[in-house]
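Below is the file model_14.cif, which contains mmCIF, C-alpha atoms and all ligand atoms.
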data_model
#
loop_
_atom_site.label_atom_id
_atom_site.label_comp_id
_atom_site.auth_asym_id
_atom_site.auth_seq_id
_atom_site.Cartn_x
_atom_site.Cartn_y
_atom_site.Cartn_z
CA MET U 1 58.42 -36.27 -39.81
CA ALA U 2 58.38 -32.50 -40.21
CA GLU U 3 61.50 -32.07 -42.32
CA VAL U 4 60.67 -28.76 -43.89
CA VAL U 5 58.58 -25.81 -42.79
CA HIS U 6 56.69 -24.74 -45.88
CA THR U 7 56.86 -20.99 -45.96
CA PRO U 8 54.33 -19.36 -48.29
CA ARG U 9 55.61 -18.85 -51.81
CA VAL U 10 53.82 -18.02 -55.07
CA PHE U 11 54.55 -19.70 -58.42
CA SER U 12 52.81 -19.41 -61.75
CA GLY U 13 53.62 -19.87 -65.43
CA ILE U 14 52.45 -18.94 -68.89
CA GLN U 15 53.30 -20.64 -72.18
CA PRO U 16 55.18 -18.71 -74.85
CA SER U 17 52.97 -19.97 -77.66
CA GLY U 18 51.24 -17.22 -79.58
CA GLY U 19 50.51 -13.79 -78.18
CA LEU U 20 48.89 -12.68 -74.95
CA THR U 21 45.13 -12.13 -74.75
CA LEU U 22 42.93 -10.10 -72.46
CA GLY U 23 42.14 -13.48 -70.82
CA ASN U 24 45.80 -13.98 -69.90
CA TYR U 25 45.99 -10.42 -68.64
CA LEU U 26 42.91 -10.50 -66.42
CA GLY U 27 43.10 -14.17 -65.42
CA ALA U 28 46.82 -14.17 -64.76
CA LEU U 29 49.23 -11.26 -65.40
CA LYS U 30 47.28 -8.48 -63.68
CA ARG U 31 46.87 -10.64 -60.60
CA PHE U 32 50.53 -11.71 -60.65
CA GLY U 33 51.52 -8.03 -60.41
CA GLU U 34 49.03 -7.40 -57.60
CA THR U 35 50.33 -10.39 -55.62
CA GLN U 36 53.89 -9.17 -56.07
CA ASP U 37 52.95 -5.68 -54.89
CA GLN U 38 51.11 -6.96 -51.81
CA GLY U 39 54.53 -8.22 -50.81
CA GLU U 40 53.18 -10.94 -48.50
CA MET U 41 54.99 -13.81 -50.19
CA PRO U 42 57.93 -14.20 -52.56
CA THR U 43 56.69 -14.43 -56.17
CA ILE U 44 58.20 -16.60 -58.91
CA TYR U 45 56.90 -16.29 -62.48
CA CYS U 46 57.97 -18.55 -65.29
CA ILE U 47 57.77 -18.61 -69.08
CA VAL U 48 57.13 -22.29 -69.65
CA ASP U 49 58.95 -22.97 -72.92
CA MET U 50 59.19 -26.72 -72.20
CA HIS U 51 55.40 -26.85 -72.05
CA ALA U 52 55.17 -24.88 -75.29
CA ILE U 53 57.05 -27.56 -77.29
CA THR U 54 54.53 -30.26 -76.34
CA VAL U 55 53.09 -29.12 -79.68
CA TRP U 56 55.61 -28.27 -82.42
CA GLN U 57 56.83 -24.70 -82.40
CA ASP U 58 58.81 -22.95 -85.07
CA PRO U 59 62.16 -22.31 -83.29
CA GLU U 60 62.44 -18.67 -84.39
CA LYS U 61 58.88 -18.00 -83.32
CA LEU U 62 59.43 -19.69 -79.97
CA ARG U 63 62.46 -17.49 -79.30
CA HIS U 64 60.48 -14.41 -80.24
CA ALA U 65 57.42 -15.47 -78.19
CA THR U 66 59.60 -16.10 -75.11
CA ARG U 67 61.02 -12.58 -75.29
CA ALA U 68 57.63 -11.04 -76.10
CA LEU U 69 56.06 -12.81 -73.13
CA THR U 70 58.86 -11.58 -70.87
CA ALA U 71 58.13 -8.06 -72.14
CA GLY U 72 54.41 -8.71 -71.49
CA PHE U 73 55.11 -9.72 -67.90
CA ILE U 74 57.19 -6.61 -67.25
CA ALA U 75 54.75 -4.28 -69.04
CA SER U 76 51.93 -5.73 -66.90
CA GLY U 77 53.73 -4.78 -63.71
CA ILE U 78 55.99 -7.73 -62.89
CA ASP U 79 59.19 -6.11 -61.67
CA PRO U 80 62.23 -8.38 -62.07
CA THR U 81 63.79 -6.81 -58.99
CA LYS U 82 60.77 -7.85 -56.88
CA SER U 83 59.76 -11.15 -58.51
CA ILE U 84 61.88 -13.91 -60.01
CA LEU U 85 61.15 -13.94 -63.76
CA PHE U 86 62.77 -16.59 -65.98
CA ASN U 87 62.22 -19.27 -68.59
CA GLN U 88 61.66 -22.86 -67.55
CA SER U 89 64.22 -24.65 -69.74
CA ALA U 90 67.04 -22.54 -68.25
CA VAL U 91 66.58 -24.23 -64.85
CA PRO U 92 67.35 -27.98 -65.07
CA GLY U 93 65.40 -28.80 -61.90
CA HIS U 94 62.08 -28.66 -63.77
CA ALA U 95 63.05 -31.56 -66.05
CA GLN U 96 64.74 -33.49 -63.23
CA LEU U 97 61.80 -33.33 -60.88
CA GLY U 98 59.41 -33.73 -63.83
CA TRP U 99 60.87 -37.19 -64.49
CA ILE U 100 60.47 -38.25 -60.87
CA PHE U 101 56.84 -37.07 -61.02
CA ASN U 102 56.25 -39.02 -64.25
CA CYS U 103 56.99 -42.04 -62.09
CA VAL U 104 54.68 -40.90 -59.28
CA ALA U 105 51.62 -39.85 -61.33
CA ARG U 106 49.32 -42.62 -62.54
CA LEU U 107 48.23 -43.11 -66.14
CA GLY U 108 44.59 -42.99 -65.09
CA TRP U 109 45.02 -39.57 -63.49
CA MET U 110 46.50 -38.15 -66.67
CA GLN U 111 43.76 -39.66 -68.81
CA ARG U 112 41.19 -37.63 -66.90
CA MET U 113 42.77 -34.25 -67.71
CA THR U 114 40.23 -32.27 -69.71
CA GLN U 115 42.83 -29.97 -71.29
CA PHE U 116 44.61 -33.01 -72.75
CA LYS U 117 41.33 -34.39 -74.06
CA ASP U 118 40.48 -31.03 -75.63
CA LYS U 119 43.90 -30.53 -77.17
CA ALA U 120 44.34 -34.11 -78.39
CA GLY U 121 40.76 -34.44 -79.65
CA LYS U 122 40.26 -37.48 -81.87
CA ASN U 123 43.96 -37.46 -82.61
CA SER U 124 45.13 -38.84 -79.27
CA GLU U 125 47.35 -41.60 -80.81
CA ASN U 126 49.28 -39.00 -82.70
CA VAL U 127 50.03 -36.24 -80.18
CA SER U 128 53.38 -36.05 -78.40
CA LEU U 129 54.08 -38.02 -75.25
CA GLY U 130 55.03 -34.64 -73.74
CA LEU U 131 51.48 -33.32 -74.21
CA PHE U 132 50.18 -36.25 -72.16
CA ALA U 133 52.84 -35.82 -69.44
CA TYR U 134 52.35 -32.03 -69.42
CA PRO U 135 50.58 -31.86 -66.02
CA ALA U 136 53.38 -33.83 -64.27
CA LEU U 137 55.88 -31.24 -65.54
CA MET U 138 53.56 -28.51 -64.31
CA ALA U 139 53.56 -30.17 -60.87
CA ALA U 140 57.38 -30.11 -60.99
CA ASP U 141 57.34 -26.39 -61.92
CA ILE U 142 55.40 -25.63 -58.78
CA LEU U 143 56.95 -28.09 -56.35
CA VAL U 144 60.59 -27.58 -57.35
CA TYR U 145 60.21 -24.24 -55.51
CA HIS U 146 58.06 -25.67 -52.71
CA ALA U 147 55.44 -23.15 -53.84
CA THR U 148 52.27 -23.06 -51.76
CA HIS U 149 50.06 -20.69 -53.80
CA VAL U 150 49.39 -20.91 -57.52
CA PRO U 151 47.44 -18.02 -59.10
CA VAL U 152 45.81 -19.23 -62.33
CA GLY U 153 42.65 -18.87 -64.40
CA GLU U 154 39.76 -21.27 -63.89
CA ASP U 155 40.95 -23.54 -66.73
CA GLN U 156 44.07 -24.57 -64.76
CA LYS U 157 42.28 -25.68 -61.62
CA GLN U 158 42.33 -29.38 -62.55
CA HIS U 159 46.08 -29.26 -63.16
CA VAL U 160 46.77 -27.69 -59.77
CA GLU U 161 44.59 -30.36 -58.18
CA LEU U 162 46.70 -33.00 -59.92
CA THR U 163 49.78 -31.28 -58.51
CA ARG U 164 48.27 -31.70 -55.05
CA ASP U 165 47.67 -35.42 -55.74
CA ILE U 166 51.28 -35.84 -56.90
CA ALA U 167 52.66 -34.08 -53.80
CA ILE U 168 50.50 -36.24 -51.52
CA LYS U 169 51.40 -39.49 -53.29
CA PHE U 170 55.14 -38.67 -53.29
CA ASN U 171 54.97 -37.87 -49.59
CA ASN U 172 53.04 -41.11 -48.87
CA ASP U 173 55.17 -43.34 -51.09
CA TYR U 174 58.39 -42.14 -49.44
CA GLY U 175 57.09 -41.58 -45.90
CA THR U 176 57.92 -37.90 -45.84
CA ASP U 177 56.26 -34.49 -45.83
CA PHE U 178 58.90 -32.97 -48.05
CA PHE U 179 56.52 -31.43 -50.59
CA PRO U 180 53.86 -28.87 -49.64
CA VAL U 181 50.34 -29.42 -51.00
CA PRO U 182 49.77 -26.19 -52.96
CA GLU U 183 46.54 -24.24 -53.31
CA PRO U 184 45.15 -22.87 -56.57
CA VAL U 185 44.33 -19.17 -56.21
CA ILE U 186 41.43 -18.39 -58.52
CA GLU U 187 39.90 -15.07 -57.67
CA GLY U 188 38.78 -11.77 -59.17
CA ALA U 189 36.02 -10.71 -61.55
CA ALA U 190 37.52 -12.40 -64.60
CA THR U 191 39.00 -15.80 -63.84
CA ARG U 192 37.36 -17.04 -67.03
CA VAL U 193 37.21 -14.44 -69.80
CA MET U 194 35.02 -15.72 -72.60
CA SER U 195 35.24 -15.34 -76.39
CA LEU U 196 33.74 -12.11 -77.77
CA ARG U 197 31.97 -14.21 -80.42
CA ASP U 198 30.61 -17.00 -78.22
CA GLY U 199 29.99 -16.50 -74.51
CA THR U 200 30.22 -20.23 -73.82
CA LYS U 201 33.83 -20.58 -75.09
CA LYS U 202 36.98 -19.38 -73.32
CA MET U 203 38.85 -16.46 -74.92
CA SER U 204 41.91 -18.16 -76.35
CA LYS U 205 44.96 -17.38 -78.43
CA SER U 206 44.25 -20.52 -80.43
CA ASP U 207 40.72 -19.52 -81.54
CA PRO U 208 40.77 -19.26 -85.37
CA SER U 209 38.81 -15.99 -85.25
CA ASP U 210 40.86 -12.95 -84.22
CA MET U 211 37.58 -11.13 -83.52
CA SER U 212 36.96 -13.56 -80.64
CA ARG U 213 39.77 -12.09 -78.54
CA ILE U 214 41.58 -8.91 -77.60
CA ASN U 215 45.33 -9.28 -77.98
CA LEU U 216 47.60 -7.23 -75.76
CA THR U 217 49.27 -6.03 -78.98
CA ASP U 218 46.01 -4.74 -80.56
CA ASP U 219 45.93 -1.00 -81.25
CA ALA U 220 43.20 1.28 -79.92
CA ASP U 221 41.05 1.12 -83.08
CA THR U 222 41.19 -2.67 -83.19
CA ILE U 223 40.22 -2.97 -79.52
CA ALA U 224 37.29 -0.58 -80.03
CA LYS U 225 36.13 -2.41 -83.17
CA LYS U 226 36.27 -5.83 -81.51
CA ILE U 227 34.23 -4.61 -78.55
CA ARG U 228 31.71 -2.84 -80.79
CA LYS U 229 31.24 -6.05 -82.77
CA ALA U 230 31.19 -8.34 -79.73
CA LYS U 231 28.16 -10.62 -79.67
CA THR U 232 25.41 -9.50 -77.25
CA ASP U 233 21.65 -9.85 -76.95
CA PRO U 234 19.06 -7.15 -77.64
CA GLU U 235 18.09 -6.65 -73.97
CA PRO U 236 19.35 -3.67 -71.97
CA LEU U 237 21.58 -4.22 -68.93
CA PRO U 238 19.58 -5.51 -65.96
CA GLU U 239 19.20 -3.92 -62.50
CA THR U 240 21.04 -6.72 -60.70
CA LEU U 241 23.48 -9.55 -61.50
CA ASP U 242 20.65 -12.12 -61.42
CA GLY U 243 19.35 -10.53 -64.60
CA LEU U 244 22.48 -11.73 -66.43
CA GLU U 245 21.52 -15.37 -65.85
CA GLY U 246 21.37 -17.18 -69.21
CA ARG U 247 23.05 -14.21 -70.97
CA PRO U 248 26.69 -15.39 -71.18
CA GLU U 249 27.88 -12.73 -73.64
CA ALA U 250 26.41 -9.88 -71.58
CA ARG U 251 27.83 -11.38 -68.40
CA ASN U 252 31.27 -11.63 -69.99
CA LEU U 253 31.36 -7.95 -71.01
CA VAL U 254 30.25 -6.93 -67.51
CA ASN U 255 32.96 -9.11 -65.97
CA ILE U 256 35.61 -7.62 -68.26
CA TYR U 257 34.49 -4.10 -67.34
CA ALA U 258 34.56 -5.01 -63.65
CA ALA U 259 38.04 -6.55 -63.81
CA LEU U 260 39.49 -3.66 -65.80
CA SER U 261 37.98 -0.99 -63.56
CA GLY U 262 38.60 -2.79 -60.26
CA LYS U 263 34.88 -2.64 -59.41
CA ALA U 264 32.63 -5.54 -58.44
CA ALA U 265 30.40 -6.87 -61.26
CA ALA U 266 27.33 -5.91 -59.18
CA GLU U 267 28.50 -2.28 -59.04
CA VAL U 268 28.98 -2.19 -62.81
CA VAL U 269 25.47 -3.52 -63.38
CA ALA U 270 24.03 -0.99 -60.95
CA GLU U 271 25.84 1.82 -62.75
CA TYR U 272 24.55 0.83 -66.21
CA ALA U 273 21.14 -0.57 -65.19
CA GLY U 274 18.56 -0.18 -67.96
CA GLN U 275 21.10 1.07 -70.50
CA GLN U 276 21.59 -0.48 -73.95
CA PHE U 277 24.79 -2.14 -75.14
CA GLY U 278 25.01 0.78 -77.57
CA THR U 279 25.98 2.87 -74.52
CA PHE U 280 27.84 0.24 -72.53
CA LYS U 281 30.14 -0.99 -75.31
CA PRO U 282 31.76 2.40 -76.06
CA ALA U 283 32.37 2.89 -72.32
CA LEU U 284 33.96 -0.55 -72.15
CA ALA U 285 36.04 0.15 -75.27
CA ASP U 286 37.34 3.40 -73.76
CA LEU U 287 38.22 1.67 -70.52
CA ALA U 288 39.96 -1.23 -72.31
CA VAL U 289 42.00 1.15 -74.47
CA GLU U 290 42.94 3.25 -71.44
CA ARG U 291 44.14 0.18 -69.51
CA LEU U 292 45.70 -1.84 -72.31
CA SER U 293 47.45 0.69 -74.54
CA PRO U 294 50.16 1.59 -71.98
CA ILE U 295 50.90 -2.15 -71.73
CA SER U 296 51.20 -2.65 -75.46
CA SER U 297 53.41 0.41 -75.93
CA GLU U 298 55.67 -0.66 -73.07
CA MET U 299 55.90 -4.14 -74.63
CA SER U 300 57.02 -2.70 -77.97
CA ARG U 301 59.54 -0.48 -76.23
CA LEU U 302 61.04 -3.42 -74.32
CA MET U 303 61.12 -5.58 -77.44
CA GLN U 304 63.51 -3.12 -79.06
CA ASP U 305 66.25 -4.42 -76.77
CA PRO U 306 66.16 -8.23 -76.85
CA ALA U 307 69.64 -8.47 -75.29
CA GLU U 308 68.33 -6.70 -72.18
CA ILE U 309 65.40 -9.13 -72.03
CA ASP U 310 67.83 -12.04 -72.25
CA ARG U 311 69.87 -10.57 -69.39
CA ILE U 312 66.75 -10.28 -67.23
CA LEU U 313 65.87 -13.91 -67.97
CA ALA U 314 69.40 -15.12 -67.24
CA HIS U 315 69.44 -13.32 -63.90
CA GLY U 316 66.00 -14.75 -63.04
CA ALA U 317 67.17 -18.27 -63.97
CA GLU U 318 70.12 -17.94 -61.62
CA GLN U 319 67.88 -16.89 -58.74
CA ALA U 320 65.38 -19.66 -59.55
CA ASN U 321 68.11 -22.27 -59.74
CA ALA U 322 69.44 -21.25 -56.33
CA ILE U 323 66.05 -22.27 -54.85
CA ALA U 324 65.40 -25.30 -57.06
CA ALA U 325 68.78 -27.05 -56.96
CA PRO U 326 68.78 -27.95 -53.22
CA ILE U 327 65.15 -29.11 -53.47
CA VAL U 328 66.01 -31.41 -56.40
CA ARG U 329 69.06 -32.71 -54.52
CA ARG U 330 66.91 -33.60 -51.52
CA ALA U 331 64.16 -35.15 -53.69
CA ARG U 332 66.75 -37.35 -55.42
CA ASP U 333 68.09 -38.39 -52.05
CA ILE U 334 64.61 -39.26 -50.76
CA VAL U 335 64.00 -41.43 -53.85
CA GLY U 336 67.35 -43.21 -53.37
CA MET U 337 69.46 -41.61 -56.08
CA VAL U 338 73.15 -41.09 -55.20
CA GLY U 339 75.71 -38.60 -56.44
CA ALA U 340 76.20 -34.85 -56.57
P1 LIG X 1 48.09 -20.05 -71.22
O1 LIG X 1 48.13 -18.90 -72.15
O2 LIG X 1 47.09 -21.08 -71.63
O3 LIG X 1 49.46 -20.59 -70.89
O4 LIG X 1 47.51 -19.47 -69.87
C1 LIG X 1 48.26 -18.65 -69.01
C2 LIG X 1 47.42 -18.18 -67.85
O5 LIG X 1 46.34 -17.38 -68.32
C3 LIG X 1 46.77 -19.30 -67.03
O6 LIG X 1 46.78 -18.94 -65.67
C4 LIG X 1 45.36 -19.35 -67.55
O7 LIG X 1 44.46 -19.85 -66.59
C5 LIG X 1 45.10 -17.87 -67.84
N1 LIG X 1 44.09 -17.73 -68.89
C6 LIG X 1 44.21 -18.09 -70.21
N2 LIG X 1 43.07 -17.82 -70.88
C7 LIG X 1 42.20 -17.27 -69.97
C8 LIG X 1 40.86 -16.77 -70.05
N3 LIG X 1 40.18 -16.78 -71.19
N4 LIG X 1 40.30 -16.28 -68.91
C9 LIG X 1 40.99 -16.26 -67.74
N5 LIG X 1 42.25 -16.72 -67.60
C10 LIG X 1 42.86 -17.22 -68.70
N1 LIG X 2 49.51 -25.08 -67.82
C1 LIG X 2 49.51 -23.64 -67.68
C2 LIG X 2 48.66 -23.04 -68.81
O1 LIG X 2 48.52 -23.60 -69.86
C3 LIG X 2 50.89 -23.06 -67.72
C4 LIG X 2 51.73 -23.57 -66.60
C5 LIG X 2 52.80 -24.45 -66.70
C6 LIG X 2 51.58 -23.26 -65.23
N2 LIG X 2 53.31 -24.67 -65.48
C7 LIG X 2 52.61 -23.97 -64.55
C8 LIG X 2 50.69 -22.46 -64.52
C9 LIG X 2 52.75 -23.91 -63.15
C10 LIG X 2 50.83 -22.40 -63.11
C11 LIG X 2 51.85 -23.12 -62.46
O2 LIG X 2 48.16 -21.98 -68.63
#
Take the structure I supplied and represent it as structure tokens, if you would.
Amino acid sequence: MAEVVHTPRVFSGIQPSGGLTLGNYLGALKRFGETQDQGEMPTIYCIVDMHAITVWQDPEKLRHATRALTAGFIASGIDPTKSILFNQSAVPGHAQLGWIFNCVARLGWMQRMTQFKDKAGKNSENVSLGLFAYPALMAADILVYHATHVPVGEDQKQHVELTRDIAIKFNNDYGTDFFPVPEPVIEGAATRVMSLRDGTKKMSKSDPSDMSRINLTDDADTIAKKIRKAKTDPEPLPETLDGLEGRPEARNLVNIYAALSGKAAAEVVAEYAGQQFGTFKPALADLAVERLSPISSEMSRLMQDPAEIDRILAHGAEQANAIAAPIVRRARDIVGMVGA
């Protein structure tokens, strides 16, 4: 039955809704660039505008956020001559395969998705049908390129597992092994960056408090202020990582330092053992400014030429479509659809 040899290929996506946070950078963008530079597998990165409209977006803001996110990718090290970089809605295969997967995924599977439950809250009768079907479209994003590796933050693990279930069920239902069963790649010191105000909540662009997050567009003073005011406890830093048990805010700052510096969290703790946050926070602020300010200035520079950004996206869409179109054609054929 071996129709296709699944060569390794990386796919990931980020929504153009709101700005980028330090969580997106450490959990996703920084690692996307590293994977690209390792050069072991082709890398495809997507701005998922179809996912963004599962909740209403102001059209002008969506256009702006799509370009700003493209600039954020490039400023973080994604090189459009090495990776394919494009926006989802420009490649029709996502919607085409997404529909087929809506018919493969089961209602019960979707009802278990924690991100849907969190986003819909008590309002689940009133959210869009798209928000509910969101993970089936995400499965199509990945599988329309036969991607095998999906680098994401911890919060996306359940969605990648659903993608695996969809690939397996499609293959079983149609007696084929056409789709690969992709792996989530969740690694590094900061796969779950937490809020600076509450160490039990994920750092998120949708948190009402701007002090809870570092935005990639924050200037040096703002970054320093947010870190200085970050919630901590009165204890000094411990000798070993075990001493951070039950201290989520302290653990989060150590993880951020580790991810930004490329050191292991244990090394960071050893370096600052016994020191107060009054010493650690300024060191972290300096490091964050040093790493993030080149990214934010490069983003502003790129944003001055939106036409160039659009050209990069159009070129990426063409390359993406060249991979996706034959896969969609074959999937339609497997399902029993005729025509071009
Ligand atoms: P989103 O902005 O929700 O579309 O997320 C884009 C990518 O960033 C996904 O891979 C997420 O897992 C990752 N991400 C978002 N927030 C965080 C966070 N607080 N910590 C680590 N990764 C994150
Ligand atoms: N759901 C992801 C998020 O909110 C974004 C996303 C859409 C994605 N399609 C994807 C991530 C495919 C990885 C692969 O962060």
Do a neighbour search on Tyr134 in chain U at 9 Å with only C-alpha atoms, toss out local chain neighbours closer than 2 positions, and write the hits as an mmCIF file with C-alpha atoms, in the frame of the given file.
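Ended up saving to selection_13.cif:
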data_model
loop_
_atom_site.group_PDB
_atom_site.id
_atom_site.type_symbol
_atom_site.label_atom_id
_atom_site.label_comp_id
_atom_site.auth_asym_id
_atom_site.auth_seq_id
_atom_site.Cartn_x
_atom_site.Cartn_y
_atom_site.Cartn_z
ATOM 1 C CA HIS U 51 55.400 -26.850 -72.050
ATOM 2 C CA THR U 54 54.530 -30.260 -76.340
ATOM 3 C CA MET U 110 46.500 -38.150 -66.670
ATOM 4 C CA PHE U 116 44.610 -33.010 -72.750
ATOM 5 C CA LEU U 129 54.080 -38.020 -75.250
ATOM 6 C CA GLY U 130 55.030 -34.640 -73.740
ATOM 7 C CA LEU U 131 51.480 -33.320 -74.210
ATOM 8 C CA PHE U 132 50.180 -36.250 -72.160
ATOM 9 C CA ALA U 136 53.380 -33.830 -64.270
ATOM 10 C CA LEU U 137 55.880 -31.240 -65.540
ATOM 11 C CA MET U 138 53.560 -28.510 -64.310
ATOM 12 C CA ALA U 139 53.560 -30.170 -60.870
#
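Using all atoms listed in the file for every distance, the candidate list U:Ala230, U:Ile100, U:Gln36, U:Ala189 yields U:Ile100 as the residue closest to Met337 in chain U.
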Point-to-point distance in Å for CA of Arg251 in chain U and CA of Ala285 in chain U: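 According to the coordinates, CA of Ala285 in chain U and CA of Arg251 in chain U are separated by 15.7 Å.
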Identify, on the basis of only C-alpha atoms, every residue whose closest approach to range 192-194 of chain U does not exceed 8 Å; exclude the query and any residue fewer than 4 positions from it along the same chain; express the result as a list of chain:residue names. U:Leu22, U:Gly23, U:Leu26, U:Gly27, U:Gly153, U:Glu154, U:Asp155, U:Asp198, U:Gly199, U:Thr200, U:Lys201, U:Lys202, U:Met203, U:Glu249, U:Asn252, U:Asn255, U:Ile256
With the cut-off set at 7 Å and counting only C-alpha atoms and all ligand atoms, tabulate each residue of chain U with an atom at most that distance from an atom of ligand LIG 2 (chain X), showing the nearest atom pair and its distance in Å to one decimal, ordered by chain and increasing number, as CSV.
residue,atom,partner,partner_atom,distance
U:Phe11,CA,X:LIG2,C11,5.9
U:Ser12,CA,X:LIG2,C10,3.8
U:Gly13,CA,X:LIG2,C6,4.0
U:Ile14,CA,X:LIG2,C3,4.6
U:Gln15,CA,X:LIG2,C3,5.6
U:Val48,CA,X:LIG2,C5,5.7
U:His51,CA,X:LIG2,C5,6.4
U:Met138,CA,X:LIG2,N2,4.0
U:Ala139,CA,X:LIG2,C9,6.7
U:Asp141,CA,X:LIG2,C9,5.4
U:Ile142,CA,X:LIG2,C9,5.4
U:Val150,CA,X:LIG2,C11,5.9
U:Pro151,CA,X:LIG2,C10,6.8
U:Val152,CA,X:LIG2,C10,6.0
U:Gln156,CA,X:LIG2,O2,6.2
Exercise on range 94-106 of chain U, axis-aligned box with 3 Å per side, report centre and edge lengths in Å to one decimal, as JSON:
{"center_x": 57.0, "center_y": -35.6, "center_z": -62.7, "size_x": 21.4, "size_y": 20.0, "size_z": 12.8}
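Using only C-alpha atoms, the shortest contact distance between Val144 in chain U and any of U:Ala320, U:Ile312, U:Leu237, U:Val268 is found at U:Ala320.
Across the model, the gap from CA of Met303 in chain U to CA of Ala68 in chain U is 6.6 Å.
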Anything within 9 Å of (49.7, -13.1, -49.8): list those residues as a list of chain:residue names, counting all atoms listed in the file and sticking to the file's coordinates. U:Pro8, U:Arg9, U:Val10, U:Thr35, U:Gln36, U:Gln38, U:Gly39, U:Glu40, U:Met41, U:Pro42, U:His149
Would you list the contacts of range 179-186 of chain U as a ChimeraX atom specification, taking every protein, DNA or RNA residue within 8 Å and counting only C-alpha atoms, but skipping same-chain residues closer than 4 positions in sequence? /U:6,143,146-154,157,160-161,163-164,167-168,170-171,191
Leaving out range 73-84 of chain U and any residue of its chain fewer than 6 positions from it, which residues lie within 9 Å of it when counting all atoms listed in the file, given as a list in words? Tyr25, Leu29, Lys30, Phe32, Gly33, Glu34, Gln36, Asp37, Gly39, Pro42, Thr43, Ile44, Tyr45, Cys46, Pro294, Ile295, Ser296, Ser297, Glu298, Met299, Leu302, Ile312, Leu313, His315, Gly316, Ala317, Gln319 and Ala320 of chain U
Okay, now the selection with C-alpha atoms, as an mmCIF file, keeping the file's coordinate frame?
data_model
loop_
_atom_site.group_PDB
_atom_site.id
_atom_site.type_symbol
_atom_site.label_atom_id
_atom_site.label_comp_id
_atom_site.auth_asym_id
_atom_site.auth_seq_id
_atom_site.Cartn_x
_atom_site.Cartn_y
_atom_site.Cartn_z
ATOM 1 C CA TYR U 25 45.990 -10.420 -68.640
ATOM 2 C CA LEU U 29 49.230 -11.260 -65.400
ATOM 3 C CA LYS U 30 47.280 -8.480 -63.680
ATOM 4 C CA PHE U 32 50.530 -11.710 -60.650
ATOM 5 C CA GLY U 33 51.520 -8.030 -60.410
ATOM 6 C CA GLU U 34 49.030 -7.400 -57.600
ATOM 7 C CA GLN U 36 53.890 -9.170 -56.070
ATOM 8 C CA ASP U 37 52.950 -5.680 -54.890
ATOM 9 C CA GLY U 39 54.530 -8.220 -50.810
ATOM 10 C CA PRO U 42 57.930 -14.200 -52.560
ATOM 11 C CA THR U 43 56.690 -14.430 -56.170
ATOM 12 C CA ILE U 44 58.200 -16.600 -58.910
ATOM 13 C CA TYR U 45 56.900 -16.290 -62.480
ATOM 14 C CA CYS U 46 57.970 -18.550 -65.290
ATOM 15 C CA PRO U 294 50.160 1.590 -71.980
ATOM 16 C CA ILE U 295 50.900 -2.150 -71.730
ATOM 17 C CA SER U 296 51.200 -2.650 -75.460
ATOM 18 C CA SER U 297 53.410 0.410 -75.930
ATOM 19 C CA GLU U 298 55.670 -0.660 -73.070
ATOM 20 C CA MET U 299 55.900 -4.140 -74.630
ATOM 21 C CA LEU U 302 61.040 -3.420 -74.320
ATOM 22 C CA ILE U 312 66.750 -10.280 -67.230
ATOM 23 C CA LEU U 313 65.870 -13.910 -67.970
ATOM 24 C CA HIS U 315 69.440 -13.320 -63.900
ATOM 25 C CA GLY U 316 66.000 -14.750 -63.040
ATOM 26 C CA ALA U 317 67.170 -18.270 -63.970
ATOM 27 C CA GLN U 319 67.880 -16.890 -58.740
ATOM 28 C CA ALA U 320 65.380 -19.660 -59.550
#
Residues within 7 Å of Ala288 in chain U, please, as number ranges by chain. Count all atoms listed in the file; anything in the same chain fewer than 4 positions from it doesn't count. U: 260, 284, 292
Generate the output file for the selected residues, C-alpha atoms, as a short mmCIF file (atom, residue, chain, number, x, y, z; two decimals), keeping the file's coordinate frame.
data_model
loop_
_atom_site.label_atom_id
_atom_site.label_comp_id
_atom_site.auth_asym_id
_atom_site.auth_seq_id
_atom_site.Cartn_x
_atom_site.Cartn_y
_atom_site.Cartn_z
CA LEU U 260 39.49 -3.66 -65.80
CA LEU U 284 33.96 -0.55 -72.15
CA LEU U 292 45.70 -1.84 -72.31
#
Of the residues U:Leu162, U:Ala259, U:Val328, U:Ile323, which is the one nearest to ligand LIG 1 (chain X), using all atoms listed in the file? U:Ala259
Using only C-alpha atoms for the distances, tell me which of U:Asp286, U:Cys103, U:Gly246, U:Ser206 is nearest to Thr222 in chain U.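 Of U:Asp286, U:Cys103, U:Gly246, U:Ser206, the one nearest Thr222 in chain U, counting only C-alpha atoms, is U:Asp286.
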Which one is closest to ligand LIG 1 (chain X): U:Phe86, U:Pro59, U:Gly188, U:Ala105? Count all atoms listed in the file.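 Closest residue, counting all atoms listed in the file: U:Gly188.
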Taking (59.5, -41.2, -49.4) in the file's coordinates, which residues come within 10 Å, counting all atoms listed in the file, written as a ChimeraX atom specification? /U:169-178,331,333-336
Could you please determine the separation between CA of Tyr257 in chain U and CA of His159 in chain U in Å, to one decimal place?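 Distance reported for this atom pair: 28.0 Å.
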Counting only C-alpha atoms and all ligand atoms, figure out which residue out of U:Arg112, U:His94, U:Gly121, U:Asp207 gets nearest to ligand LIG 1 (chain X).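 That would be U:Asp207, the residue with the smallest distance to ligand LIG 1 (chain X).
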